[in-house]
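Heads up: the structure comes next, in structure tokens.
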Amino acid sequence: MGRAVKRLSLTAWIFIGMALGIAVGIVAPGFAARLSPVSNIFLRLIRSIIAPLIFATLVYGIAGSGDLKRMGRIGLKAIVYFEAVTTVALFLGLAAVNLVRPGAGMTLAATVEPAILQAQPSAGSVIEHVFPSSIIDAMARGDVLEIVVFSFLFGAACAAIGAKAKPVVAFCESLAQVMFRYTSYVMYLAPAGVAAAIAVTVASKGSAVLLGLGKLVLTMYAAQAVFVALVLGSIVMLFRIPAGAFYRAVREPFLIAFSTASSEAALPLALENMEQLGVPPHIVAFVLPTGYSFNAAGSTLYLSLASIFVAQAAGIHLPLGQQLLMMLTLMLTSKGVAGVPRAALVILAGTLSTYRLPMEGVAVLMGIDAVMDMARTSVNVLGNCLASAVVARWEGVDFRALA
């Protein structure tokens, strides 16, 4: 029995932690209320990941591919496609969460007064705030949007300089790998953090909080299904990609991604199967790995759902303009961190911090993140396989022989 327990995955331990937290919150609410330091420690460690991880992954992602000019036509087409699809995913998630309102009725503590959030800043001040006066200050404050803008410009500068920037790019690559490992260490605390957060939430808010989480899971899966059927399905028809052959090519990578919640686990088979489908090797080799960083449609859809869910749960009304600004932040911050365990939670934590929404929402969502991660990761893989086929069709490859 002991050996069997040791073989449990982190996902299984998170499920166990969630169940224990619910039980403790219901059976011993007094004890559960004293567990908040455990969840707070976990949240503080999550916050410590955000700035160095975003900087390292974005700089390496932009500069590590080489001279931006050499990306050429294929790179431009791929990026245009990535941005179009992820934007649709964001707004689909935004529409779903505003329609269903799964967070309504929950009572997470707000970290600022609602009136502060509803004060509409001028367009000039919003644009001015995007550009950091000091990257150190932006990192210290956890202002994700400023970090992203600096990282994009810094990465573009590295790419433009070329060989002279190699030591900097290599450092960012190493820093990214270190932060990936650091994140995995922090995630060892996830079961305890989840158990404490759920216990505290159930003890203080009552078991009704679980209904909101269940509604969020159902809303997210329904929105992902709509995205696959309507958006990706329409793209398959629009670009005349043979549906049967494409389905056979993506079936196994999709299932691997769903069962492991890991995009990387599905990558080797996805590369092989898309080449067998008829996508030229040079397009597959560029589009699939790049898409893992820039075309995480499943994750971006989830992030738009989760961020507004937390605002709803805290009783904070976000005007449409504020929601659109948040979507812009998510569109930028969702790039480049596909290899991070529970990357969506790291991005969500940064976004909530930037918009002064309760960080307790991250801990609560951690309890159901394993279920959510399976859906968003598999949709990410499916979307990237389709992206390689779309770019190939855009380049004139004919798949009709496979139909």
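In the structure tokens, the first chain shown is A, the next is B, and so on; residue numbers restart at 1 for each chain, and ligands run from 1 in the order shown.
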Could you list, with a cut-off of 10 Å and counting only C-alpha atoms, the residues of region 178-289 of chain A near region 51-66 of chain A, each shown with its nearest atom pair and the distance in Å rounded to one decimal, rows sorted by chain and ascending number, as a Markdown table?
| residue | atom | partner | partner_atom | distance |
| --- | --- | --- | --- | --- |
| A:Val178 | CA | A:Leu53 | CA | 9.0 |
| A:Met179 | CA | A:Leu53 | CA | 5.9 |
| A:Phe180 | CA | A:Leu53 | CA | 7.9 |
| A:Tyr182 | CA | A:Leu53 | CA | 9.8 |
| A:Thr183 | CA | A:Leu53 | CA | 9.2 |
| A:Phe286 | CA | A:Ser65 | CA | 9.2 |
Using only C-alpha atoms, which residues sit within 10 Å of Ile26 (chain A) once same-chain residues fewer than 5 positions away are excluded, as an MDAnalysis selection string? chainID A and resid 20:21 32 199:200 202:204 206:207
Need the shell around region 304-306 of chain A: protein/DNA/RNA residues with any atom at most 9 Å away, counting only C-alpha atoms. Skip same-chain ones fewer than 5 positions apart. Format as a PyMOL selection string? chain A and resi 89-98+216+219-220+299+311+323+326-327+330+348+361-362+365
Compile the contact shell of Val287 (chain A) as a compact mmCIF listing (two decimals) with N, CA and C atoms, in the first residue's frame: residues with an atom at most 12 Å away, counting only C-alpha atoms, same-chain residues fewer than 4 positions apart removed.
# COMPACT_ATOMS: atom_id res chain seq x y z
N SER A 65 14.30 32.38 -31.25
CA SER A 65 14.03 31.84 -32.59
C SER A 65 14.92 32.45 -33.65
N MET A 71 12.19 35.07 -39.78
CA MET A 71 10.97 34.29 -39.58
C MET A 71 10.12 34.30 -40.83
N ILE A 74 6.14 32.66 -43.31
CA ILE A 74 5.48 31.62 -42.52
C ILE A 74 5.28 32.10 -41.08
N GLY A 75 6.29 32.74 -40.53
CA GLY A 75 6.18 33.25 -39.18
C GLY A 75 5.09 34.29 -39.05
N LEU A 76 5.01 35.20 -40.02
CA LEU A 76 4.00 36.25 -39.98
C LEU A 76 2.60 35.65 -40.07
N LYS A 77 2.42 34.71 -40.98
CA LYS A 77 1.11 34.08 -41.12
C LYS A 77 0.73 33.32 -39.84
N ALA A 78 1.68 32.62 -39.27
CA ALA A 78 1.39 31.85 -38.06
C ALA A 78 0.98 32.78 -36.92
N ILE A 79 1.71 33.89 -36.75
CA ILE A 79 1.41 34.80 -35.64
C ILE A 79 0.06 35.47 -35.83
N VAL A 80 -0.25 35.86 -37.08
CA VAL A 80 -1.57 36.45 -37.35
C VAL A 80 -2.68 35.45 -37.00
N TYR A 81 -2.48 34.21 -37.40
CA TYR A 81 -3.47 33.18 -37.09
C TYR A 81 -3.58 32.96 -35.58
N PHE A 82 -2.43 32.86 -34.89
CA PHE A 82 -2.44 32.66 -33.45
C PHE A 82 -3.24 33.75 -32.74
N LEU A 267 3.65 16.54 -27.64
CA LEU A 267 4.36 17.19 -28.75
C LEU A 267 5.02 16.22 -29.72
N ALA A 270 2.47 14.61 -31.90
CA ALA A 270 1.81 15.63 -32.72
C ALA A 270 2.69 16.02 -33.90
N LEU A 271 3.98 16.21 -33.67
CA LEU A 271 4.91 16.53 -34.77
C LEU A 271 4.91 15.43 -35.83
N MET A 274 1.37 15.16 -37.74
CA MET A 274 1.08 16.25 -38.67
C MET A 274 1.94 16.16 -39.91
N GLU A 275 3.16 15.67 -39.78
CA GLU A 275 3.98 15.42 -40.98
C GLU A 275 3.34 14.33 -41.83
N VAL A 279 1.66 17.97 -43.77
CA VAL A 279 2.21 19.29 -43.46
C VAL A 279 3.73 19.21 -43.62
N PRO A 280 4.34 20.11 -44.42
CA PRO A 280 5.79 20.06 -44.63
C PRO A 280 6.56 20.13 -43.31
N PRO A 281 7.66 19.40 -43.20
CA PRO A 281 8.41 19.35 -41.93
C PRO A 281 8.84 20.72 -41.42
N HIS A 282 9.25 21.62 -42.33
CA HIS A 282 9.73 22.92 -41.84
C HIS A 282 8.60 23.75 -41.25
N ILE A 283 7.37 23.55 -41.75
CA ILE A 283 6.22 24.26 -41.18
C ILE A 283 5.85 23.66 -39.83
N GLY A 291 3.49 27.65 -31.49
CA GLY A 291 2.10 27.68 -31.06
C GLY A 291 1.93 27.31 -29.61
N TYR A 292 2.82 26.46 -29.09
CA TYR A 292 2.73 26.09 -27.67
C TYR A 292 2.90 27.31 -26.78
N SER A 293 3.63 28.31 -27.27
CA SER A 293 3.81 29.54 -26.50
C SER A 293 2.80 30.62 -26.87
N PHE A 294 2.40 30.68 -28.15
CA PHE A 294 1.62 31.82 -28.62
C PHE A 294 0.20 31.46 -29.05
N ASN A 295 -0.18 30.19 -28.98
CA ASN A 295 -1.50 29.80 -29.46
C ASN A 295 -2.21 28.90 -28.45
N VAL A 381 -3.45 21.67 -27.57
CA VAL A 381 -2.77 20.77 -28.51
C VAL A 381 -3.56 20.66 -29.81
N GLY A 383 -5.63 22.82 -31.07
CA GLY A 383 -5.52 24.08 -31.80
C GLY A 383 -4.19 24.27 -32.49
N ASN A 384 -3.11 23.81 -31.87
CA ASN A 384 -1.79 23.96 -32.49
C ASN A 384 -1.59 23.00 -33.65
N CYS A 385 -2.13 21.80 -33.55
CA CYS A 385 -2.09 20.89 -34.71
C CYS A 385 -2.84 21.50 -35.88
N LEU A 386 -4.00 22.08 -35.59
CA LEU A 386 -4.77 22.72 -36.67
C LEU A 386 -4.02 23.92 -37.23
N ALA A 387 -3.33 24.66 -36.37
CA ALA A 387 -2.57 25.83 -36.85
C ALA A 387 -1.52 25.42 -37.87
N SER A 388 -0.82 24.31 -37.63
CA SER A 388 0.19 23.88 -38.60
C SER A 388 -0.45 23.51 -39.93
N ALA A 389 -1.62 22.88 -39.88
CA ALA A 389 -2.32 22.54 -41.12
C ALA A 389 -2.82 23.78 -41.84
N VAL A 390 -3.30 24.77 -41.09
CA VAL A 390 -3.79 26.01 -41.69
C VAL A 390 -2.66 26.76 -42.38
N VAL A 391 -1.52 26.89 -41.71
CA VAL A 391 -0.39 27.58 -42.33
C VAL A 391 0.09 26.83 -43.58
N ALA A 392 0.07 25.51 -43.52
CA ALA A 392 0.43 24.72 -44.70
C ALA A 392 -0.52 24.99 -45.86
Would you please extract all alpha helix (DSSP H) residues from region 224-314 of chain A, as assigned by DSSP on the backbone, and give them as an MDAnalysis selection string? chainID A and resid 224:226 233:238 243:260 263:277 281:294 297:313
Grab the residues selected above and save them as a short mmCIF file (atom, residue, chain, number, x, y, z; two decimals), in the first residue's frame with C-alpha atoms.
data_model
loop_
_atom_site.label_atom_id
_atom_site.label_comp_id
_atom_site.auth_asym_id
_atom_site.auth_seq_id
_atom_site.Cartn_x
_atom_site.Cartn_y
_atom_site.Cartn_z
CA GLN A 224 -14.33 24.68 -24.73
CA ALA A 225 -16.72 22.35 -26.58
CA VAL A 226 -18.34 25.31 -28.36
CA GLY A 233 -14.63 23.31 -36.93
CA SER A 234 -15.26 26.41 -39.05
CA ILE A 235 -11.53 26.81 -39.63
CA VAL A 236 -11.28 23.20 -40.83
CA MET A 237 -14.04 23.86 -43.37
CA LEU A 238 -12.78 27.33 -44.36
CA ALA A 243 -11.73 16.41 -41.41
CA GLY A 244 -11.37 12.63 -41.27
CA ALA A 245 -7.62 12.59 -41.87
CA PHE A 246 -7.11 15.49 -39.45
CA TYR A 247 -9.15 13.71 -36.77
CA ARG A 248 -7.03 10.56 -37.13
CA ALA A 249 -3.85 12.64 -36.89
CA VAL A 250 -4.83 14.57 -33.76
CA ARG A 251 -6.76 11.88 -31.86
CA GLU A 252 -3.83 10.38 -29.96
CA PRO A 253 -2.01 13.65 -29.17
CA PHE A 254 -5.32 15.05 -27.91
CA LEU A 255 -5.91 12.07 -25.62
CA ILE A 256 -2.33 12.17 -24.31
CA ALA A 257 -2.70 15.86 -23.52
CA PHE A 258 -6.07 15.29 -21.84
CA SER A 259 -4.91 12.39 -19.69
CA THR A 260 -1.56 13.92 -18.65
CA SER A 263 1.29 19.77 -23.81
CA GLU A 264 4.90 18.63 -23.89
CA ALA A 265 3.90 14.97 -23.50
CA ALA A 266 1.83 15.23 -26.67
CA LEU A 267 4.36 17.19 -28.75
CA PRO A 268 6.49 14.35 -30.24
CA LEU A 269 3.46 12.44 -31.51
CA ALA A 270 1.81 15.63 -32.72
CA LEU A 271 4.91 16.53 -34.77
CA GLU A 272 5.04 13.06 -36.30
CA ASN A 273 1.33 12.81 -37.08
CA MET A 274 1.08 16.25 -38.67
CA GLU A 275 3.98 15.42 -40.98
CA GLN A 276 2.17 12.21 -41.92
CA LEU A 277 -0.92 14.28 -42.63
CA PRO A 281 8.41 19.35 -41.93
CA HIS A 282 9.73 22.92 -41.84
CA ILE A 283 6.22 24.26 -41.18
CA VAL A 284 5.50 21.66 -38.48
CA ALA A 285 8.85 22.29 -36.81
CA PHE A 286 8.17 26.03 -36.62
CA VAL A 287 4.42 26.31 -36.05
CA LEU A 288 3.85 23.61 -33.41
CA PRO A 289 6.52 24.66 -30.89
CA THR A 290 5.80 28.36 -31.48
CA GLY A 291 2.10 27.68 -31.06
CA TYR A 292 2.73 26.09 -27.67
CA SER A 293 3.81 29.54 -26.50
CA PHE A 294 1.62 31.82 -28.62
CA ALA A 297 -6.45 28.97 -27.07
CA GLY A 298 -7.78 26.57 -24.43
CA SER A 299 -5.81 28.32 -21.70
CA THR A 300 -6.78 31.83 -22.80
CA LEU A 301 -10.46 30.85 -22.85
CA TYR A 302 -10.10 29.49 -19.30
CA LEU A 303 -8.28 32.62 -18.12
CA SER A 304 -11.04 34.94 -19.27
CA LEU A 305 -13.58 32.72 -17.49
CA ALA A 306 -11.56 32.43 -14.29
CA SER A 307 -10.64 36.10 -13.92
CA ILE A 308 -14.22 37.35 -14.27
CA PHE A 309 -15.41 34.46 -12.07
CA VAL A 310 -13.18 35.72 -9.24
CA ALA A 311 -14.55 39.25 -9.66
CA GLN A 312 -18.12 37.88 -9.55
CA ALA A 313 -17.30 35.77 -6.48
#
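Atom pair CA of Gly278 (chain A) / CA of Asn380 (chain A): separated by 20.7 Å.
Proximity ranking of A:Val100, A:Val27, A:Val346, A:Leu218 relative to Met372 (chain A) places A:Leu218 first, based on only C-alpha atoms.
Computed from the coordinates, the CA of Gly367 (chain A) to CA of Ile49 (chain A) distance equals 19.4 Å.
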What lies within 10 Å of Ala196 (chain A) using only C-alpha atoms, ignoring chain neighbours under 3 positions off, as number ranges by chain? A: 17-18, 20-22, 24-25, 32-40, 42, 190-193, 199-202, 363-364
If you take only C-alpha atoms and a cut-off of 12 Å, which residues of region 149-196 of chain A touch region 138-143 of chain A, and what are their nearest atom pairs and distances in Å to one decimal, in chain and number order, as JSON lines?
{"residue": "A:Val149", "atom": "CA", "partner": "A:Asp143", "partner_atom": "CA", "distance": 10.5}
{"residue": "A:Phe150", "atom": "CA", "partner": "A:Ala138", "partner_atom": "CA", "distance": 9.6}
{"residue": "A:Ser151", "atom": "CA", "partner": "A:Met139", "partner_atom": "CA", "distance": 11.4}
For N, CA and C atoms, I'd like the residues from the last selection saved as a PDB file, in the first residue's frame.
ATOM      1  N   VAL A 149       5.281  44.274 -21.487  1.00  0.00           N
ATOM      2  CA  VAL A 149       5.698  45.254 -22.487  1.00  0.00           C
ATOM      3  C   VAL A 149       7.215  45.380 -22.501  1.00  0.00           C
ATOM      4  N   PHE A 150       7.815  45.489 -21.316  1.00  0.00           N
ATOM      5  CA  PHE A 150       9.279  45.568 -21.251  1.00  0.00           C
ATOM      6  C   PHE A 150       9.918  44.326 -21.853  1.00  0.00           C
ATOM      7  N   SER A 151       9.376  43.145 -21.545  1.00  0.00           N
ATOM      8  CA  SER A 151       9.952  41.890 -22.024  1.00  0.00           C
ATOM      9  C   SER A 151       9.844  41.765 -23.539  1.00  0.00           C
TER      10      SER A 151
END
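Proximity of A:Asp369, A:Ala170, A:Ile316, A:Glu146 to Glu128 (chain A), computed with only C-alpha atoms, is greatest for A:Glu146.
Proximity of A:Gln322, A:Phe239, A:Ala222, A:Lys215 to Arg101 (chain A), computed with only C-alpha atoms, is greatest for A:Lys215.
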Taking into account only C-alpha atoms, which residue in the set A:Ala375, A:Leu324, A:Ala19, A:Ile241 is nearest to Val228 (chain A)? A:Ala375
